[in-house]
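Below: entry36.cif (mmCIF, C-alpha atoms)
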data_model
#
loop_
_atom_site.group_PDB
_atom_site.id
_atom_site.type_symbol
_atom_site.label_atom_id
_atom_site.label_comp_id
_atom_site.auth_asym_id
_atom_site.auth_seq_id
_atom_site.Cartn_x
_atom_site.Cartn_y
_atom_site.Cartn_z
ATOM 1 C CA ARG S 1 -35.508 41.977 258.587
ATOM 2 C CA ARG S 2 -39.077 41.328 259.620
ATOM 3 C CA GLY S 3 -40.246 43.979 257.167
ATOM 4 C CA VAL S 4 -38.275 42.431 254.348
ATOM 5 C CA ILE S 5 -39.637 38.976 255.146
ATOM 6 C CA THR S 6 -43.183 40.356 255.338
ATOM 7 C CA MET S 7 -42.857 41.988 251.899
ATOM 8 C CA ALA S 8 -41.241 38.877 250.369
ATOM 9 C CA ARG S 9 -44.116 36.580 251.315
ATOM 10 C CA PRO S 10 -46.748 38.313 249.130
ATOM 11 C CA LEU S 11 -44.302 38.414 246.226
ATOM 12 C CA THR S 12 -43.602 34.715 246.611
ATOM 13 C CA SER S 13 -47.311 33.927 246.757
ATOM 14 C CA VAL S 14 -47.981 35.966 243.635
ATOM 15 C CA ALA S 15 -45.131 34.241 241.814
ATOM 16 C CA LEU S 16 -46.359 30.796 242.829
ATOM 17 C CA PHE S 17 -49.910 31.708 241.808
ATOM 18 C CA ALA S 18 -48.700 32.920 238.391
ATOM 19 C CA VAL S 19 -46.689 29.723 237.807
ATOM 20 C CA CYS S 20 -49.652 27.537 238.789
ATOM 21 C CA PHE S 21 -51.970 29.551 236.555
ATOM 22 C CA PHE S 22 -49.766 29.173 233.490
ATOM 23 C CA LEU S 23 -49.227 25.479 234.140
ATOM 24 C CA PHE S 24 -52.953 24.906 234.563
ATOM 25 C CA SER S 25 -53.718 26.883 231.394
ATOM 26 C CA GLY S 26 -51.252 24.782 229.399
ATOM 27 C CA PHE S 27 -52.761 21.584 230.817
ATOM 28 C CA VAL S 28 -56.290 22.642 229.894
ATOM 29 C CA GLU S 29 -55.176 23.645 226.395
ATOM 30 C CA SER S 30 -53.398 20.330 225.811
ATOM 31 C CA ARG S 31 -56.417 18.401 227.049
ATOM 32 C CA ALA S 32 -58.657 20.374 224.755
ATOM 33 C CA GLN S 33 -56.433 19.520 221.813
ATOM 34 C CA GLN S 34 -56.467 15.826 222.713
ATOM 35 C CA GLN S 35 -60.245 15.681 222.961
ATOM 36 C CA PRO S 36 -61.895 14.441 219.748
ATOM 37 C CA ALA S 37 -64.118 16.792 217.849
ATOM 38 C CA SER S 38 -67.812 16.702 218.529
ATOM 39 C CA PRO S 39 -69.905 14.622 216.127
ATOM 40 C CA PRO S 40 -71.156 16.527 213.098
ATOM 41 C CA PRO S 41 -74.695 17.746 213.712
ATOM 42 C CA GLY S 42 -77.414 16.163 211.639
ATOM 43 C CA CYS S 43 -75.295 13.395 210.080
ATOM 44 C CA SER S 44 -77.124 10.113 210.540
ATOM 45 C CA ARG S 45 -74.919 7.049 210.623
ATOM 46 C CA GLU S 46 -77.826 4.811 209.633
ATOM 47 C CA ARG S 47 -78.742 6.924 206.600
ATOM 48 C CA SER S 48 -75.059 7.087 205.691
ATOM 49 C CA ARG S 49 -74.982 3.289 205.676
ATOM 50 C CA HIS S 50 -77.933 3.198 203.286
ATOM 51 C CA ALA S 51 -76.258 5.704 200.965
ATOM 52 C CA ARG S 52 -72.986 3.772 201.149
ATOM 53 C CA ALA S 53 -74.799 0.568 200.192
ATOM 54 C CA VAL S 54 -76.168 2.245 197.050
ATOM 55 C CA LEU S 55 -72.702 3.456 196.079
ATOM 56 C CA ASP S 56 -71.104 0.075 196.779
ATOM 57 C CA GLU S 57 -73.590 -1.691 194.514
ATOM 58 C CA PHE S 58 -74.181 0.714 191.649
ATOM 59 C CA PHE S 59 -71.444 3.372 191.640
ATOM 60 C CA HIS S 60 -68.031 2.127 192.755
ATOM 61 C CA PRO S 61 -68.100 -1.170 190.754
ATOM 62 C CA VAL S 62 -68.723 0.765 187.525
ATOM 63 C CA VAL S 63 -65.913 3.200 188.336
ATOM 64 C CA LEU S 64 -63.580 0.350 189.287
ATOM 65 C CA VAL S 65 -64.167 -1.747 186.176
ATOM 66 C CA ASN S 66 -63.405 1.307 184.044
ATOM 67 C CA ARG S 67 -60.169 1.938 185.992
ATOM 68 C CA PHE S 68 -61.025 5.547 186.718
ATOM 69 C CA SER S 69 -59.634 7.469 189.708
ATOM 70 C CA LEU S 70 -62.192 9.783 191.285
ATOM 71 C CA PRO S 71 -60.943 13.359 191.803
ATOM 72 C CA PRO S 72 -60.937 15.067 195.222
ATOM 73 C CA THR S 73 -63.944 17.120 194.093
ATOM 74 C CA CYS S 74 -66.133 14.006 194.029
ATOM 75 C CA PRO S 75 -68.149 13.644 197.261
ATOM 76 C CA PHE S 76 -68.608 9.924 196.579
ATOM 77 C CA ALA S 77 -64.889 9.108 196.712
ATOM 78 C CA THR S 78 -64.219 6.576 199.474
ATOM 79 C CA GLU S 79 -61.579 8.749 201.113
ATOM 80 C CA LYS S 80 -64.212 11.479 201.576
ATOM 81 C CA ASP S 81 -66.623 9.193 203.447
ATOM 82 C CA MET S 82 -66.811 10.478 207.028
ATOM 83 C CA TYR S 83 -67.827 7.248 208.736
ATOM 84 C CA LEU S 84 -66.147 4.686 206.481
ATOM 85 C CA THR S 85 -63.198 4.081 208.798
ATOM 86 C CA HIS S 86 -65.577 3.458 211.703
ATOM 87 C CA GLU S 87 -67.615 1.007 209.639
ATOM 88 C CA GLN S 88 -64.424 -0.854 208.730
ATOM 89 C CA HIS S 89 -63.639 -1.268 212.435
ATOM 90 C CA LYS S 90 -66.964 -2.857 213.375
ATOM 91 C CA GLN S 91 -67.651 -6.580 213.481
ATOM 92 C CA VAL S 92 -70.890 -8.478 213.867
ATOM 93 C CA VAL S 93 -70.328 -10.845 216.794
ATOM 94 C CA ARG S 94 -73.784 -12.340 216.932
ATOM 95 C CA ARG S 95 -77.052 -11.560 215.255
ATOM 96 C CA THR S 96 -77.542 -8.288 217.111
ATOM 97 C CA GLN S 97 -74.194 -7.757 218.851
ATOM 98 C CA PHE S 98 -71.420 -5.617 217.424
ATOM 99 C CA LYS S 99 -67.757 -5.341 218.332
ATOM 100 C CA SER S 100 -65.460 -2.331 218.073
ATOM 101 C CA THR S 101 -62.069 -3.504 216.828
ATOM 102 C CA TYR S 102 -60.531 -0.323 218.195
ATOM 103 C CA SER S 103 -61.113 -1.395 221.785
ATOM 104 C CA ASP S 104 -62.363 -5.022 221.430
ATOM 105 C CA LYS S 105 -65.544 -4.082 223.295
ATOM 106 C CA VAL S 106 -68.811 -5.839 222.443
ATOM 107 C CA PHE S 107 -72.101 -3.914 222.370
ATOM 108 C CA LYS S 108 -75.642 -5.186 222.355
ATOM 109 C CA SER S 109 -76.687 -3.276 219.230
ATOM 110 C CA GLU S 110 -75.271 -1.271 216.366
ATOM 111 C CA PHE S 111 -76.748 1.879 217.873
ATOM 112 C CA HIS S 112 -74.601 1.460 220.987
ATOM 113 C CA VAL S 113 -71.408 0.769 219.067
ATOM 114 C CA ASP S 114 -72.121 3.894 217.010
ATOM 115 C CA LYS S 115 -72.414 5.900 220.239
ATOM 116 C CA HIS S 116 -69.122 4.385 221.363
ATOM 117 C CA MET S 117 -67.492 5.528 218.118
ATOM 118 C CA ASP S 118 -68.883 9.035 218.647
ATOM 119 C CA ASN S 119 -67.669 9.230 222.223
ATOM 120 C CA ARG S 120 -64.255 7.557 221.940
ATOM 121 C CA HIS S 121 -63.000 7.346 218.376
ATOM 122 C CA LEU S 122 -63.911 10.484 216.476
ATOM 123 C CA ASP S 123 -60.202 11.245 216.335
ATOM 124 C CA LYS S 124 -59.813 8.276 213.967
ATOM 125 C CA ILE S 125 -61.682 10.174 211.235
ATOM 126 C CA GLN S 126 -59.228 11.727 208.799
ATOM 127 C CA PRO S 127 -59.428 15.504 208.274
ATOM 128 C CA ASN S 128 -60.209 15.122 204.567
ATOM 129 C CA ALA S 129 -63.089 12.700 205.310
ATOM 130 C CA ASP S 130 -65.663 15.469 205.593
ATOM 131 C CA VAL S 131 -68.584 14.157 203.530
ATOM 132 C CA CYS S 132 -71.767 13.024 205.273
ATOM 133 C CA LEU S 133 -73.301 10.539 202.840
ATOM 134 C CA ALA S 134 -76.672 10.819 204.565
ATOM 135 C CA LYS S 135 -77.050 14.269 203.019
ATOM 136 C CA TYR S 136 -77.083 12.667 199.569
ATOM 137 C CA CYS S 137 -79.925 10.245 200.231
ATOM 138 C CA ASP S 138 -82.246 12.386 198.109
ATOM 139 C CA VAL S 139 -80.019 11.804 195.083
ATOM 140 C CA LEU S 140 -79.174 8.186 195.907
ATOM 141 C CA ARG S 141 -82.809 7.348 196.790
ATOM 142 C CA CYS S 142 -81.962 5.502 200.006
ATOM 143 C CA ASP S 143 -85.581 4.616 200.823
ATOM 144 C CA GLY S 144 -86.224 3.373 197.307
ATOM 145 C CA TYR S 145 -83.097 1.246 197.511
ATOM 146 C CA ARG S 146 -84.332 -0.402 200.702
ATOM 147 C CA ARG S 147 -87.637 -1.238 199.008
ATOM 148 C CA PHE S 148 -85.709 -2.558 196.034
ATOM 149 C CA LYS S 149 -83.621 -4.856 198.245
ATOM 150 C CA ARG S 150 -86.659 -6.096 200.161
ATOM 151 C CA GLY S 151 -88.166 -7.089 196.839
ATOM 152 C CA ASP S 152 -84.995 -9.075 196.000
ATOM 153 C CA GLY S 153 -84.190 -6.693 193.188
ATOM 154 C CA ASN S 154 -87.229 -7.646 191.116
ATOM 155 C CA SER S 155 -89.749 -4.872 190.751
ATOM 156 C CA ALA S 156 -92.173 -7.114 188.867
ATOM 157 C CA GLY S 157 -91.998 -9.888 191.406
ATOM 158 C CA GLY S 158 -92.300 -7.784 194.539
ATOM 159 C CA SER S 159 -95.007 -8.251 197.099
ATOM 160 C CA LEU S 160 -98.401 -6.571 196.958
ATOM 161 C CA VAL S 161 -97.369 -4.298 199.832
ATOM 162 C CA GLU S 162 -94.269 -3.129 197.961
ATOM 163 C CA SER S 163 -96.322 -2.465 194.822
ATOM 164 C CA THR S 164 -98.866 -0.495 196.843
ATOM 165 C CA ILE S 165 -96.111 1.594 198.451
ATOM 166 C CA ALA S 166 -94.602 2.310 195.040
ATOM 167 C CA ILE S 167 -97.950 3.461 193.651
ATOM 168 C CA HIS S 168 -98.573 5.593 196.754
ATOM 169 C CA ASN S 169 -95.149 7.199 196.451
ATOM 170 C CA ARG S 170 -95.746 7.918 192.792
ATOM 171 C CA HIS S 171 -98.997 9.711 193.591
ATOM 172 C CA ASP S 172 -97.348 11.714 196.389
ATOM 173 C CA CYS S 173 -94.324 12.582 194.265
ATOM 174 C CA ASP S 174 -93.453 16.266 193.936
ATOM 175 C CA GLU S 175 -92.041 16.957 190.486
ATOM 176 C CA GLU S 176 -90.618 20.337 191.503
ATOM 177 C CA THR S 177 -88.680 18.746 194.344
ATOM 178 C CA LEU S 178 -87.279 16.116 192.011
ATOM 179 C CA ILE S 179 -86.179 18.812 189.573
ATOM 180 C CA GLY S 180 -83.934 20.221 192.289
ATOM 181 C CA VAL S 181 -82.709 16.732 193.165
ATOM 182 C CA ARG S 182 -81.992 16.053 189.510
ATOM 183 C CA HIS S 183 -79.922 19.235 189.209
ATOM 184 C CA LYS S 184 -78.030 18.236 192.353
ATOM 185 C CA CYS S 185 -77.380 14.815 190.840
ATOM 186 C CA GLU S 186 -76.042 16.362 187.644
ATOM 187 C CA ASP S 187 -73.705 18.644 189.599
ATOM 188 C CA ILE S 188 -72.345 15.662 191.548
ATOM 189 C CA VAL S 189 -71.791 13.588 188.401
ATOM 190 C CA ARG S 190 -69.940 16.446 186.727
ATOM 191 C CA ALA S 191 -67.807 16.914 189.842
ATOM 192 C CA CYS S 192 -66.918 13.226 189.914
ATOM 193 C CA PHE S 193 -66.256 12.979 186.170
ATOM 194 C CA PRO S 194 -65.155 16.445 185.099
ATOM 195 C CA ALA S 195 -64.831 17.419 181.456
ATOM 196 C CA SER S 196 -61.292 18.402 180.591
ATOM 197 C CA GLY S 197 -61.931 19.592 177.075
ATOM 198 C CA GLY S 198 -64.314 18.190 174.492
ATOM 199 C CA GLU S 199 -67.489 16.156 174.602
ATOM 200 C CA ALA S 200 -66.546 13.782 171.811
ATOM 201 C CA PHE S 201 -68.340 10.807 173.323
ATOM 202 C CA GLU S 202 -71.239 12.637 174.919
ATOM 203 C CA HIS S 203 -73.963 11.874 172.379
ATOM 204 C CA ASP S 204 -72.691 8.640 170.820
ATOM 205 C CA GLU S 205 -75.024 6.211 172.613
ATOM 206 C CA ASN S 206 -75.269 3.304 170.173
ATOM 207 C CA GLY S 207 -71.851 3.076 168.511
ATOM 208 C CA GLU S 208 -68.648 1.474 169.606
ATOM 209 C CA ASN S 209 -67.963 4.270 172.069
ATOM 210 C CA GLY S 210 -71.541 4.419 173.334
ATOM 211 C CA ILE S 211 -72.514 4.394 177.000
ATOM 212 C CA SER S 212 -74.801 1.382 176.956
ATOM 213 C CA SER S 213 -71.914 -0.952 177.811
ATOM 214 C CA VAL S 214 -69.890 1.343 180.050
ATOM 215 C CA GLY S 215 -70.754 -0.690 183.112
ATOM 216 C CA ILE S 216 -69.901 -4.087 181.648
ATOM 217 C CA GLN S 217 -66.831 -3.487 179.520
ATOM 218 C CA SER S 218 -63.811 -5.608 180.291
ATOM 219 C CA GLY S 219 -60.803 -4.303 182.139
ATOM 220 C CA SER S 220 -58.551 -4.565 179.061
ATOM 221 C CA GLN S 221 -60.891 -2.335 177.080
ATOM 222 C CA ALA S 222 -61.028 0.245 179.867
ATOM 223 C CA GLU S 223 -57.255 0.248 180.266
ATOM 224 C CA HIS S 224 -56.686 1.568 176.746
ATOM 225 C CA LYS S 225 -59.019 4.531 177.235
ATOM 226 C CA THR S 226 -57.609 7.893 178.137
ATOM 227 C CA THR S 227 -58.662 9.574 181.354
ATOM 228 C CA GLU S 228 -60.748 12.098 179.443
ATOM 229 C CA GLU S 229 -62.564 9.393 177.503
ATOM 230 C CA LYS S 230 -63.260 7.424 180.683
ATOM 231 C CA ALA S 231 -64.608 10.528 182.427
ATOM 232 C CA THR S 232 -66.853 11.341 179.476
ATOM 233 C CA ARG S 233 -68.230 7.816 179.241
ATOM 234 C CA LEU S 234 -68.878 7.559 182.972
ATOM 235 C CA ARG S 235 -70.383 11.041 183.163
ATOM 236 C CA THR S 236 -72.768 10.276 180.313
ATOM 237 C CA TYR S 237 -73.622 6.877 181.759
ATOM 238 C CA PHE S 238 -74.641 8.184 185.189
ATOM 239 C CA LEU S 239 -76.448 11.204 183.757
ATOM 240 C CA LYS S 240 -78.552 8.921 181.581
ATOM 241 C CA HIS S 241 -79.087 5.943 183.864
ATOM 242 C CA HIS S 242 -79.367 7.708 187.220
ATOM 243 C CA CYS S 243 -80.032 11.456 187.059
ATOM 244 C CA ALA S 244 -82.457 11.199 184.155
ATOM 245 C CA PHE S 245 -84.570 8.716 186.150
ATOM 246 C CA LEU S 246 -85.182 11.208 188.958
ATOM 247 C CA THR S 247 -88.677 12.039 187.769
ATOM 248 C CA CYS S 248 -92.024 11.056 189.208
ATOM 249 C CA ALA S 249 -92.674 8.765 186.247
ATOM 250 C CA ASN S 250 -89.364 6.870 186.397
ATOM 251 C CA VAL S 251 -87.937 7.155 189.909
ATOM 252 C CA GLU S 252 -89.393 3.798 191.009
ATOM 253 C CA ASN S 253 -87.649 2.106 188.075
ATOM 254 C CA LEU S 254 -84.233 3.549 188.903
ATOM 255 C CA PHE S 255 -82.703 0.553 190.653
ATOM 256 C CA PRO S 256 -84.170 -2.211 188.440
ATOM 257 C CA GLN S 257 -82.681 -0.595 185.351
ATOM 258 C CA MET S 258 -79.392 0.141 187.148
ATOM 259 C CA ALA S 259 -79.240 -3.523 188.136
ATOM 260 C CA SER S 260 -79.415 -4.490 184.471
ATOM 261 C CA HIS S 261 -76.144 -2.595 183.890
ATOM 262 C CA ARG S 262 -74.110 -4.196 186.652
ATOM 263 C CA PRO S 263 -70.483 -4.864 185.671
ATOM 264 C CA VAL S 264 -69.821 -8.462 184.699
ATOM 265 C CA ASP S 265 -66.861 -10.048 186.425
ATOM 266 C CA LYS S 266 -65.416 -12.255 183.696
ATOM 267 C CA SER S 267 -62.494 -13.378 185.830
ATOM 268 C CA GLY S 268 -64.865 -15.399 188.019
ATOM 269 C CA GLY S 269 -66.175 -17.354 185.010
ATOM 270 C CA ARG S 270 -62.659 -18.019 183.829
ATOM 271 C CA LYS S 271 -61.676 -19.365 187.232
ATOM 272 C CA ILE S 272 -64.681 -21.689 187.241
ATOM 273 C CA CYS S 273 -63.887 -22.972 183.737
ATOM 274 C CA LEU S 274 -60.253 -23.525 184.692
ATOM 275 C CA ALA S 275 -61.285 -25.441 187.809
ATOM 276 C CA ILE S 276 -63.607 -27.669 185.752
ATOM 277 C CA VAL S 277 -60.881 -28.424 183.192
ATOM 278 C CA CYS S 278 -58.341 -29.245 185.908
ATOM 279 C CA THR S 279 -60.820 -31.538 187.664
ATOM 280 C CA ALA S 280 -61.594 -33.343 184.402
ATOM 281 C CA LEU S 281 -57.875 -33.866 183.679
ATOM 282 C CA VAL S 282 -57.234 -35.224 187.169
ATOM 283 C CA ALA S 283 -60.176 -37.628 186.866
ATOM 284 C CA TYR S 284 -59.014 -38.797 183.426
ATOM 285 C CA TYR S 285 -55.459 -39.547 184.538
ATOM 286 C CA ALA S 286 -56.683 -41.202 187.732
ATOM 287 C CA ALA S 287 -58.910 -43.533 185.692
ATOM 288 C CA ALA S 288 -56.064 -44.261 183.287
ATOM 289 C CA ALA S 289 -53.713 -45.070 186.162
ATOM 290 C CA ALA S 290 -56.267 -47.421 187.686
ATOM 291 C CA ARG S 291 -56.662 -49.393 184.423
ATOM 292 C CA TRP S 292 -52.953 -49.625 183.670
ATOM 293 C CA ARG S 293 -51.201 -52.868 184.608
ATOM 294 C CA PRO S 294 -47.544 -53.606 183.883
ATOM 295 C CA GLU S 295 -47.117 -56.212 181.151
ATOM 296 C CA ARG S 296 -45.290 -59.436 182.101
ATOM 297 C CA PRO S 297 -42.454 -60.502 179.770
ATOM 298 C CA ALA S 298 -43.154 -63.552 177.588
ATOM 299 C CA PRO S 299 -41.497 -66.785 178.805
ATOM 300 C CA ASP S 300 -38.316 -67.966 177.043
ATOM 301 C CA LEU S 301 -39.327 -71.238 175.348
ATOM 302 C CA ARG S 302 -35.692 -72.360 174.818
ATOM 303 C CA ARG S 303 -34.917 -72.289 178.499
ATOM 304 C CA LEU S 304 -38.152 -74.136 179.281
ATOM 305 C CA ARG S 305 -37.229 -76.865 176.815
ATOM 306 C CA LYS S 306 -33.754 -77.222 178.300
ATOM 307 C CA LYS S 307 -35.229 -77.556 181.763
ATOM 308 C CA VAL S 308 -37.707 -80.163 180.594
ATOM 309 C CA ASN S 309 -35.091 -82.191 178.634
ATOM 310 C CA GLY S 310 -32.453 -81.811 181.308
#

Could you show the structure in this file as C-alpha cells?
Amino acid sequence: RRGVITMARPLTSVALFAVCFFLFSGFVESRAQQQPASPPPGCSRERSRHARAVLDEFFHPVVLVNRFSLPPTCPFATEKDMYLTHEQHKQVVRRTQFKSTYSDKVFKSEFHVDKHMDNRHLDKIQPNADVCLAKYCDVLRCDGYRRFKRGDGNSAGGSLVESTIAIHNRHDCDEETLIGVRHKCEDIVRACFPASGGEAFEHDENGENGISSVGIQSGSQAEHKTTEEKATRLRTYFLKHHCAFLTCANVENLFPQMASHRPVDKSGGRKICLAIVCTALVAYYAAAAARWRPERPAPDLRRLRKKVNG
C-alpha cells in the first residue's frame, strides 16, 4: 500500500500541474484577446485633425450637396477615419481642458486625453477604420491650410508675416516632390469617384454640365443626376480645383480658390426669409388689433322720445 501511495502522489502532482498549466494558458490567451491593439506607429493624432479639418471644409460638403456616396475604396470616407470615433467622444470642458465621454474623465490638455484614448479605448476603433489621415497631409496641404485659417481665409489681406512665409515656401518648393504629390492626389480622386464607363462630362467645363458649379448646385439638381454623372462631375472638379493646384506656382492659392467654390446652403436663406415674413405678419395683425375698437350701436331715437314725453 505504501508503494502504491508513493507512486500515486507524483501522478497526482503531474495531473494538477497540467490542469493549472492549461487553465493559466487559457487565461493569458483570453486576456491577450481583450487587450486593445497597440496604437498604429507613426500616425499623428494632431496631423490627422488638421487633415480632417481640410476635408470637413472643402471635401465632404461638396460630396454631400451632390448626394454622392463615397465607395469603400475612398480613403477620405468618414467610416475609414481611424480616429474619428475618438474625436467624437471628446469634449472641451474649459479653454485647455478636455473630457473623455467614454469614462467622464477630465484631462488638462488634449495631448493627455489623446494618450488616454490610446491606452484605454483603442478597442472602440472599428476594424474597417484603418486610414491614418495624417499620411495624406502632403495632398491636403495641412500646413498651408493652417496658414490660410490664420489669415482668416483671405490671402490678399493676410499679415506681412504670412506673406513672407508664403514667398519663402514658394522659393523652397520642390517641383519634383509636388509631381509625386499630384499623382497621389489624382489616384485618390479616382478612387473616391471611380469611372464606371464613359467620360461624357470630363471636358465640358463651361456648359450646363460643366464643373464650375459642381460645388454650389442645389440639392434638387444633384438628385436627378445618375451616380456615374455625379462621380464624373466630382472627379473632374477635384482634379481641376485641387490636384492641378499642387504646383510650386499655384500651391499657395489652393485654399483661396477652393473657398470661392464652397457649397451655398440655400435652405438657410429660405428659413431667414420665412422668419422675416412671419414676423412682419405678426406685427401687422398686432397693430391692427390694437387700433380696432368695437362700434357702439346708434341710440334708438323713438325710445328716447317716449322717455322724454312720458

#### Entry: S:Ser69, S:Thr247, S:Gln88, S:Ser100 ranked by distance to S:Lys115, top pick (using only C-alpha atoms)
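Comparing S:Ser69, S:Thr247, S:Gln88, S:Ser100 against S:Lys115, the winner is S:Ser100.
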
### Task
Find the residue from S:Leu234, S:Leu55, S:Val139, S:Ala289 that sits nearest to S:Gly180; use all atoms listed in the file when measuring.
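The shortest atom-to-atom distance to S:Gly180 comes from S:Val139.
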
### Query
How many Å separate atom CA of S:Ser196 from atom CA of S:Asn128?
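That distance, rounded to one decimal, is 24.2 Å.
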
### Task
Rank nothing, just name the residue among S:Glu57, S:Glu79, S:Glu176, S:Asp138 nearest to S:Gln126, using only C-alpha atoms.
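Of all the options, S:Glu79 lies closest to S:Gln126.
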
### Query
What is the distance, in Å and to one decimal place, between atom CA of S:Asp104 and atom CA of S:Asp118?
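Computing it gives 15.7 Å between the two atoms.
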
### Message
Just to confirm, what's the straight-line distance from atom CA of S:Lys90 to atom CA of S:Val131 in Å (one decimal)?
### Response
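Pair atom CA of S:Lys90 / atom CA of S:Val131 returns 19.7 Å.
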
### Query
How would you write, as a list in words, the residues chosen by the PyMOL selection byres ((chain S and resi 258) around 10) on this structure?
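When the PyMOL selection byres ((chain S and resi 258) around 10) is applied, the selected residues are Glu57, Phe58, Phe59, Gly215, Phe238, His241, His242, Asn253, Leu254, Phe255, Pro256, Gln257, Ala259, Ser260, His261 and Arg262 of chain S.
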
### Query
Which residue gives the smallest distance to S:Phe76 among S:Asp130, S:Asp123, S:Glu46, S:Asp114, with all atoms listed in the file counted?
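Checking each of S:Asp130, S:Asp123, S:Glu46, S:Asp114 against S:Phe76, counting all atoms listed in the file, the winner is S:Asp130.
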
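Minimum atom-to-atom distance to S:Thr236, evaluated using only C-alpha atoms, belongs to S:Phe193 out of S:Glu252, S:Gly144, S:Ala129, S:Phe193.
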
#### Entry: Nearest residue to S:Glu175 from the set S:Thr101, S:Thr232, S:Asn250, S:Thr73 (distances using all atoms listed in the file)
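The answer is S:Asn250, which sits nearest to S:Glu175.
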
### Message
Could you tell me, as a PyMOL selection string, exactly which residues end up selected when the PyMOL selection byres ((chain S and resi 194) around 9) is applied to this structure?
### Response
chain S and resi 71+189-193+195-196+228+231-232+235

### Query
Quick one: residues within 12 Å of S:Arg52, all atoms listed in the file counted, chain neighbours fewer than 2 positions away excluded, as a PyMOL selection string?
chain S and resi 45-50+54-60+75-78+80-84+87+131-137+140-142+145
